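First up is the structure itself, then whatever we jot down about it.
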Amino acid sequence: MSSKVRVRFAPSPTGLLHIGGLRTALYNYLFARHHGGTFVLRIEDTDQARYVEEAGQDILESLAWAGLHPDEGPVAVRDEQEQEYKGNYGPYHQSRRRDRYAMYASQLVDAGYAYYAYDTVEEIESMRDRLRTAENPNPKYDAQTRMQMRNSLTLSEPELQELLEEGAEYVVRLKVPAGETVQFEDLVRGPVSFETEGLDDQVLLKGDGLPTYHLANVVDDHGMEITHVIRGEEWLSSAPKHILLYRYLGWEPPAMAHLPLIMSPSGGKLSKRKAEEEGIPVNVRDYRRERYDRDAVVNFLALLGWSPGDDRELLTLEEMIRDFSVERVGKSGAIFDFKKLLWFNEQYMRNRSDAELAAELEELIRERGLPGKDSLTEMEQQRATDTDFLAGVVRLLKERVSLLPEFLEAGAFFFDAPVDFDEKSVRKGWKEDTPARVSLYRDRIAGLEDAAFRADELKRILTEIVEAEGVGFGKLMMPLRVAVTGAGSGPDLFETLELLGRDEVLQRLGTALEKL
RNA sequence: GCCGCGUUCGUCUAGGGGUCUAGGACGCCGCCCUUUCACGGCGGUAGCACGGGUUCGAAUCCCGUACGCGGUACCA
């Protein structure tokens, strides 16, 4: 390999980082690491109109959360003026590299590969209106129409001079040649070719002096010595324009790989609106907030369009790095399977220690309280900050939840007595002879020392009672469960009782005996 | 409309001329475990879009059709 691999993830700060964007970043990251190359983060903020203030920070935080640390790029976003970078190819915000785009744009004009265009938006729109037909709903500004427009190809020298003097606004457009075939080898798709007839005279430099994506990305990829462009399939159609630009600028184009899109379950790009309608979070921030396991998300995303080639599904980052290759990336769009993501999350969550999860739970409660509660009771408060207690909750619920916040929902009864009892379970299990047995059990466990209030002992006592009465285990176990947890199912009852503690259990039993 | 790309179980995918009566995973269903539920174990369900070629032989190669997706901006 002649030159060292350098790839970039180049998001636009027009919104929060999208989950699909994270996958693109991941593939770039894996590719870079696999080849011992460099992973660059570049912010493509050339669209003033769509700029979103918090987006830059969100991109940095989201990548860091996922563990995809760029080797070069912005380190921290302070404010507009003050940016901190790492790497020798900066600045890594396109808005701060504007001079070079203008320079290359005029170089292209001088060489006859581009031209100045003075058409107003209205003029272009009226040209499109004039030419629009059912057969051609989107007329292009191209070799056919450019000679009817107001640009440096059609205007006379004096006219141009006048426009220049009055400081008229202009754009620079690429002069796409007619009758050529642009071909290139896509690392994912193989040979791809386009006829220049289908291309328009793309604006390279906008009226505000900033470049469009097309110019900026070519200039920067070359300037930053990017060797492989790995990006979403939505860019495939504009790739020939980029190839043309590399040619006209006299540069060697980087290798390209266009990734299949992530699709919504109902089809089409996984757009924000569509995804959320289907219960799928689209912003990486949502995954962070809902405390998804980062490794699970990364693992899931890696397999959405790529496969290691064998049956492994649970892969560590190291394994992904070792086995990643663009050749093994699929060509067709992948539907976001939310249930499978949950499965990954369960797998990773169960592999983590109770203490670790308990600490996260504590933080979660501190941040947003308990579900459905405006404020915490004294007992809830006390238990929510007791890490041993929380670890106990985790241990009992770990195998039954998919997402971290679910511990709080499924385990609400651990924090305070249930407010009501599951009707169906009561109807099924709470009969006339039940109160007597429950009372008996209560009396028996009331006499236990704290140290003896343990699951095995609690179970032994119950067994004794049901055997003495000659009834089934469930005749007493189920009523106890409803009385203590309010529900007809849940984690092991005796473990639950032990965690709750004697006094609390006795009190709940008393309440149930009164109410039921 | 035009241009480009794609199409293996519901979903993610393996498979790249014979080893494919197409493998794995998620989901779903059933059974076992558990005197709850879940976890787990076992089993099942379900697929090469269609039509032509090429070939002794095609899920695999070629062509066409259909369908899907992307692009068609002074957005990225």
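To be explicit about the labels: the chains of the structure tokens are called A, B, and onward in the order shown, and within each one the residues are counted from 1, while ligands get numbers from 1 in the order they are shown.
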
*Write out as a list in words the residues lying within 9 Å of A:Val5, counting only C-alpha atoms (C1' of nucleotides) and excluding same-chain residues fewer than 6 positions away.*
Phe31, Ala32, His35, Gly36, Gly37, Thr38, Phe39, Glu225, Ile226, Thr227 and His228 of chain A

*From the DSSP assignment of the backbone, select every residue of stretch 142-363 of chain A that is helix (DSSP H, G or I), and format the answer as a PyMOL selection string.*
chain A and resi 146-148+157-165+196-198+213-223+233-249+272-277+284-289+294-302+317-323+326-328+338-350+354-363

Name all residues at most 8 Å from A:Pro13 (count only C-alpha atoms (C1' of nucleotides); drop same-chain ones fewer than 3 positions away) and give them as a compact mmCIF listing (two decimals) with N, CA, C and O atoms, in the first residue's frame.
```txt
# COMPACT_ATOMS: atom_id res chain seq x y z
N LEU A 16 -29.47 17.13 14.72
CA LEU A 16 -28.79 16.18 15.60
C LEU A 16 -28.30 15.01 14.78
O LEU A 16 -28.87 14.68 13.74
N ILE A 43 -16.51 18.89 9.64
CA ILE A 43 -17.86 19.44 9.72
C ILE A 43 -18.18 20.23 8.46
O ILE A 43 -17.51 21.22 8.15
N GLU A 44 -19.20 19.79 7.74
CA GLU A 44 -19.55 20.43 6.48
C GLU A 44 -20.64 21.47 6.70
O GLU A 44 -21.80 21.25 6.37
N ASP A 45 -20.23 22.60 7.22
CA ASP A 45 -21.18 23.65 7.56
C ASP A 45 -21.21 24.75 6.50
O ASP A 45 -20.96 25.91 6.80
N TYR A 51 -28.20 25.78 9.17
CA TYR A 51 -27.30 25.57 10.28
C TYR A 51 -28.04 25.48 11.62
O TYR A 51 -28.92 26.27 11.91
N VAL A 52 -27.70 24.49 12.41
CA VAL A 52 -28.31 24.33 13.73
C VAL A 52 -27.21 24.44 14.79
O VAL A 52 -26.24 23.69 14.79
N GLU A 53 -27.42 25.38 15.66
CA GLU A 53 -26.43 25.72 16.67
C GLU A 53 -25.88 24.53 17.46
O GLU A 53 -24.68 24.31 17.56
N ALA A 55 -25.93 21.41 16.86
CA ALA A 55 -25.58 20.20 16.11
C ALA A 55 -24.11 19.81 16.24
O ALA A 55 -23.79 18.64 16.39
N GLY A 56 -23.24 20.80 16.17
CA GLY A 56 -21.81 20.49 16.24
C GLY A 56 -21.44 19.77 17.53
O GLY A 56 -20.74 18.76 17.51
N ILE A 59 -22.79 16.20 17.54
CA ILE A 59 -22.01 15.26 16.74
C ILE A 59 -20.82 14.75 17.54
O ILE A 59 -20.56 13.54 17.62
```

_Residues within 10 Å of B:U36, only C-alpha atoms (C1' of nucleotides), excluding chain neighbours under 3 positions, as an MDAnalysis selection string_ = chainID A and resid 474 477:478 481 487:493

Selection above as a file: N, CA and C atoms, as a tab-separated table (two decimals), in the first residue's frame:
```tsv
chain	number	residue	atom	x	y	z
A	474	GLY	N	-48.74	-23.01	44.84
A	474	GLY	CA	-49.28	-21.77	44.28
A	474	GLY	C	-50.44	-21.18	45.06
A	477	MET	N	-48.36	-19.06	47.36
A	477	MET	CA	-47.36	-18.24	46.70
A	477	MET	C	-47.98	-17.12	45.88
A	478	MET	N	-49.00	-17.46	45.08
A	478	MET	CA	-49.60	-16.44	44.23
A	478	MET	C	-50.26	-15.31	45.01
A	481	ARG	N	-47.65	-13.04	46.34
A	481	ARG	CA	-47.06	-12.22	45.29
A	481	ARG	C	-47.93	-11.01	44.98
A	487	ALA	N	-48.76	-7.59	41.46
A	487	ALA	CA	-48.85	-8.22	40.15
A	487	ALA	C	-48.91	-9.74	40.23
A	488	GLY	N	-49.31	-10.35	39.15
A	488	GLY	CA	-49.45	-11.81	39.12
A	488	GLY	C	-48.21	-12.52	38.65
A	489	SER	N	-47.22	-11.77	38.24
A	489	SER	CA	-45.98	-12.41	37.80
A	489	SER	C	-44.82	-11.47	38.11
A	490	GLY	N	-43.65	-12.03	38.08
A	490	GLY	CA	-42.48	-11.20	38.38
A	490	GLY	C	-41.31	-12.07	38.78
A	491	PRO	N	-40.30	-11.47	39.32
A	491	PRO	CA	-39.11	-12.23	39.70
A	491	PRO	C	-39.42	-13.16	40.87
A	492	ASP	N	-38.51	-14.03	41.18
A	492	ASP	CA	-38.67	-14.99	42.26
A	492	ASP	C	-39.22	-14.30	43.51
A	493	LEU	N	-40.32	-14.82	44.01
A	493	LEU	CA	-40.99	-14.17	45.14
A	493	LEU	C	-40.14	-14.08	46.39
```

*asked:* Using only C-alpha atoms (C1' of nucleotides), I'd like every residue of chain A that has an atom within 6 Å of chain B; please write them out as JSON, numbers by chain.
replied: {"A": [135, 136, 198, 206, 207, 234, 237, 311, 332, 340, 399, 400, 473, 474, 489, 490]}

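Between atom CA of A:Ala452 and atom CA of A:Phe389 the interatomic distance comes to 17.9 Å.
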
*asked:* So that I can see what lies close to A:Ala143, please list as number ranges by chain the residues with an atom at most 8 Å from it, counting only C-alpha atoms (C1' of nucleotides) and leaving out residues fewer than 2 positions away in the same chain.
replied: A: 141, 145-147, 175-178, 200-201

_Give me the residues near B:U65 as a count of residues only, where near means some atom within 12 Å (using only C-alpha atoms (C1' of nucleotides)) and where sequence neighbours in that chain fewer than 2 positions away do not count._
6

*asked:* Would you pick out the contacts of A:Ser402 at 12 Å or less, using only C-alpha atoms (C1' of nucleotides), so that residues sharing its chain but fewer than 2 positions from it are not included, and give the list as a count of residues only?
replied: 30

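The two atoms in question, atom CA of A:Gln148 and atom CA of A:Ala114, are spaced 16.2 Å apart.
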
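The space separating atom CA of A:Val298 from atom CA of A:Leu236 comes to 24.7 Å.
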